[in-house]
Each structure stands twice: as structure tokens, then as C-alpha cells.
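**Student:** Dropping the structure in here first, questions after.
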Amino acid sequence: MSEKDKLIEAALFMTPQAVNVSDLMEVISEQNYTMAKGIALRFMKKFNQRDSSLHVVQIEDRFQMVIRPNYEEKVRHLAQKAMFHPGLMKTLALIAFKQPIAQSLVIKYRNNKAYDHIHRLVEEGFIVRAPKGRSYTLRTTKKFLECFGEDAIKQKKLSPLPGLVEDKD
């Protein structure tokens with residue numbers, strides 16, 4: 001298996017949704033769209049010849065690794081349900097992106113339901129609370145990194161939320 005095939009396999013394995021050719025171009029360092037698509041098609045053909053419970057499907061100009069139908073029914077019950085509901089995930093995203101962040105600011109931007117979100121995230125071990133003045137400072141934990149990866153906390157150059165001042169230790 002070539003290095004580009006291994007990279008495509010890793011990319012398809014890592015994401016549950018179909019990966020477009022443009023993203024694969026970046027992964028395999030290929031500048032030409034047609035060449036990248038051809039490499040992906042050849043990979044799909046070779047991969048699907050294997051005697052495996054997985055296969056690669058093409059959906060328009062996207063590729064996805066999926067379970068073969070005759071195995072899917074037997075393992076479907078093992079599929080992980082959504083870890084948290086969308087509101088809680090938004091609270092966690094705000095904490096991860098702006099950490100360390102004062103709990104009072106999280107409540108300000110996410111409303112009073114964020115108290116419940118924070119409590120659950122602390123219980124589950126995804127964030128920690130440390131007293132700071134009359135509020136708490138919130139940060140993500142090692143468990144967060146293990147679950148979501150380091151890319152989940154990389155700072156992006158986005159405009160800050162109005163009035164949001166980050167904690168300085």
C-alpha cells in the first residue's frame with residue numbers, strides 16, 4: 001500500500017462523514033484535483049477487494065468508509081450515541097476556545113442553563129473549576145484532549161465576543 005493510500009485510509013477512518021476530494025488533496029499533498037480523485041478511486045477499488053467488514057463508498061465527489069450492510073445490523077447497537085446535547089456542546093466549545101474563562105462570562109453568553117452544563121462537564125471530567133474571586137475559572141482537562149484531540153483547543157483568529165476579557169493567571 002502506498003503512502004498516499006495509507007493517508008487516505010487514515011482520513012476516511014478518522015471521520016464519520018464523507019470526505020471530499022479537496023480535503024483529500026490536502027491530506028495527500030496533491031495539487032491536481034483530477035489526480036487526487038484518481039488516487040482516491042484506485043484506493044477505493046483496492047480497499048474494497050479486501051475481505052473486510054468495512055468498505056469505501058463514493059458519494060458524488062466524496063468518499064466514506066462504512067460498514068458492509070451484512071455486518072451493520074449486528075453491531076449497530078454499539079454505535080456511540082451523541083455524547084452531549086447541542087446546548088451543552090456549545091458551552092463546552094466556548095470554554096475550550098476561550099480558556100481559561102470566568103464562569104460568569106460563560107453564563108452571560110450561554111444563559112442560566114450553562115450552570116447545569118458546567119456541573120455536568122465537571123462531573124464527566126471534561127472541565128475543571130478553580131475558585132477565582134467571586135466566580136470560578138474554567139479550563140478543559142486531559143480527558144477533553146483525549147476525547148476531542150488537541151485541534152479542538154487551537155486558537156483561531158476570530159473576532160472576540162463583545163465584552164469578553166480572558167483571565168490572566
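By order in the C-alpha cells, chains are A, B, ...; within a chain, residues start at 1; ligands start at 1, following the order shown.
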Which of segment 17-72 of chain A counts as strand (DSSP E) under DSSP, as a list of chain:residue names please?
**Tutor:**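 The residues of segment 17-72 of chain A classed as strand (DSSP E) are A:Val19, A:Asn20, A:Leu54, A:His55, A:Val56, A:Val57, A:Gln58, A:Ile59, A:Arg62, A:Phe63, A:Gln64, A:Met65, A:Val66, A:Ile67.
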**Student:** Emit the selected residues as a PDB file, in the first residue's frame, including N, CA and C atoms.
**Tutor:**
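Okay, this is what ended up in result-v1.pdb:
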```
ATOM      1  N   VAL A  19     -15.642  12.339   3.038  1.00  0.00           N
ATOM      2  CA  VAL A  19     -14.557  13.307   2.873  1.00  0.00           C
ATOM      3  C   VAL A  19     -14.500  13.715   1.409  1.00  0.00           C
ATOM      4  N   ASN A  20     -14.509  15.035   1.157  1.00  0.00           N
ATOM      5  CA  ASN A  20     -14.476  15.486  -0.238  1.00  0.00           C
ATOM      6  C   ASN A  20     -13.058  15.422  -0.793  1.00  0.00           C
ATOM      7  N   LEU A  54     -15.485  -3.691   6.424  1.00  0.00           N
ATOM      8  CA  LEU A  54     -15.578  -2.293   6.001  1.00  0.00           C
ATOM      9  C   LEU A  54     -15.390  -2.182   4.500  1.00  0.00           C
ATOM     10  N   HIS A  55     -15.981  -1.149   3.930  1.00  0.00           N
ATOM     11  CA  HIS A  55     -15.716  -0.835   2.532  1.00  0.00           C
ATOM     12  C   HIS A  55     -15.828   0.669   2.336  1.00  0.00           C
ATOM     13  N   VAL A  56     -15.279   1.129   1.228  1.00  0.00           N
ATOM     14  CA  VAL A  56     -15.291   2.556   0.908  1.00  0.00           C
ATOM     15  C   VAL A  56     -16.320   2.782  -0.181  1.00  0.00           C
ATOM     16  N   VAL A  57     -17.151   3.797   0.011  1.00  0.00           N
ATOM     17  CA  VAL A  57     -18.160   4.145  -0.988  1.00  0.00           C
ATOM     18  C   VAL A  57     -17.895   5.559  -1.502  1.00  0.00           C
ATOM     19  N   GLN A  58     -18.335   5.786  -2.724  1.00  0.00           N
ATOM     20  CA  GLN A  58     -18.218   7.118  -3.316  1.00  0.00           C
ATOM     21  C   GLN A  58     -19.608   7.729  -3.367  1.00  0.00           C
ATOM     22  N   ILE A  59     -19.719   8.945  -2.867  1.00  0.00           N
ATOM     23  CA  ILE A  59     -20.974   9.695  -2.879  1.00  0.00           C
ATOM     24  C   ILE A  59     -20.654  11.008  -3.582  1.00  0.00           C
ATOM     25  N   ARG A  62     -17.227  12.671  -2.984  1.00  0.00           N
ATOM     26  CA  ARG A  62     -16.805  12.426  -1.609  1.00  0.00           C
ATOM     27  C   ARG A  62     -16.651  10.923  -1.415  1.00  0.00           C
ATOM     28  N   PHE A  63     -15.810  10.564  -0.449  1.00  0.00           N
ATOM     29  CA  PHE A  63     -15.553   9.162  -0.155  1.00  0.00           C
ATOM     30  C   PHE A  63     -15.783   8.926   1.332  1.00  0.00           C
ATOM     31  N   GLN A  64     -16.302   7.724   1.636  1.00  0.00           N
ATOM     32  CA  GLN A  64     -16.605   7.413   3.030  1.00  0.00           C
ATOM     33  C   GLN A  64     -16.339   5.942   3.291  1.00  0.00           C
ATOM     34  N   MET A  65     -15.745   5.672   4.464  1.00  0.00           N
ATOM     35  CA  MET A  65     -15.538   4.301   4.908  1.00  0.00           C
ATOM     36  C   MET A  65     -16.750   3.912   5.746  1.00  0.00           C
ATOM     37  N   VAL A  66     -17.397   2.820   5.374  1.00  0.00           N
ATOM     38  CA  VAL A  66     -18.612   2.386   6.071  1.00  0.00           C
ATOM     39  C   VAL A  66     -18.558   0.882   6.330  1.00  0.00           C
ATOM     40  N   ILE A  67     -19.450   0.432   7.169  1.00  0.00           N
ATOM     41  CA  ILE A  67     -19.572  -0.992   7.471  1.00  0.00           C
ATOM     42  C   ILE A  67     -20.413  -1.641   6.381  1.00  0.00           C
TER      43      ILE A  67
END
```
**Student:** Residues at most 12 Å from Ile101 of chain A, counting only C-alpha atoms, excluding those fewer than 3 positions away in the same chain, as a CSV table (one decimal) with C-alpha atoms, in the first residue's frame?
**Tutor:**
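around-v5.csv was written with the following content:
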```csv
chain,number,residue,atom,x,y,z
A,91,THR,CA,-21.0,25.6,26.3
A,92,LEU,CA,-18.0,23.2,26.2
A,93,ALA,CA,-16.9,24.8,22.9
A,94,LEU,CA,-16.9,28.3,24.4
A,95,ILE,CA,-14.9,27.1,27.4
A,96,ALA,CA,-12.4,25.2,25.2
A,97,PHE,CA,-12.0,28.2,22.8
A,98,LYS,CA,-11.6,30.9,25.4
A,104,SER,CA,-19.7,34.3,35.0
A,105,LEU,CA,-18.8,35.0,31.4
A,106,VAL,CA,-19.9,31.6,30.2
A,107,ILE,CA,-23.3,32.2,32.0
A,108,LYS,CA,-23.5,35.6,30.4
A,109,TYR,CA,-23.1,34.2,26.9
A,127,ILE,CA,-13.5,20.6,32.6
A,128,VAL,CA,-12.2,21.8,35.9
A,129,ARG,CA,-13.4,24.7,38.1
A,130,ALA,CA,-11.0,26.7,40.2
A,131,PRO,CA,-12.2,29.5,42.5
A,132,LYS,CA,-11.2,33.0,41.4
A,135,SER,CA,-16.6,33.3,40.4
A,136,TYR,CA,-14.7,30.3,39.1
A,137,THR,CA,-12.2,29.9,36.3
A,138,LEU,CA,-13.0,27.1,33.9
A,139,ARG,CA,-10.5,25.0,31.8
A,140,THR,CA,-10.6,21.8,29.9
A,164,LEU,CA,-15.2,39.1,26.8
A,165,VAL,CA,-11.9,39.6,28.7
A,166,GLU,CA,-9.8,36.5,29.1
A,167,ASP,CA,-8.4,35.6,32.5
A,168,LYS,CA,-4.7,36.1,33.0
A,169,ASP,CA,-3.1,33.9,35.7
```
**Student:** Do you have the atom CA of Thr15 of chain A-atom CA of Glu123 of chain A distance handy?
**Tutor:**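 Result for atom CA of Thr15 of chain A versus atom CA of Glu123 of chain A: 27.4 Å, one decimal.
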**Student:** Could you name the residues that touch Ile39 of chain A at 9 Å or less, counting only C-alpha atoms, but leaving out those on the same chain fewer than 5 positions away, as a list in words?
**Tutor:**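 Selected residues are Lys4, Asp5, Ile8, Thr34 and Met44 of chain A.
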**Student:** List every residue of segment 33-165 of chain A that DSSP, applied to the backbone of this structure, assigns to alpha helix (DSSP H), and report them as number ranges by chain.
**Tutor:** A: 33-48, 69-75, 86-98, 103-110, 114-124, 142-148
**Student:** Which is closest to Phe43 of chain A among A:Cys147, A:Met14, A:Met83, A:Met1, if we use only C-alpha atoms?
**Tutor:**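 Among the listed residues, A:Met1 lies closest to Phe43 of chain A.
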**Student:** Can you measure atom CA of Lys46 of chain A to atom CA of Asp61 of chain A for me? One decimal in Å is fine.
**Tutor:**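 About the pair atom CA of Lys46 of chain A and atom CA of Asp61 of chain A: they are 18.0 Å apart.
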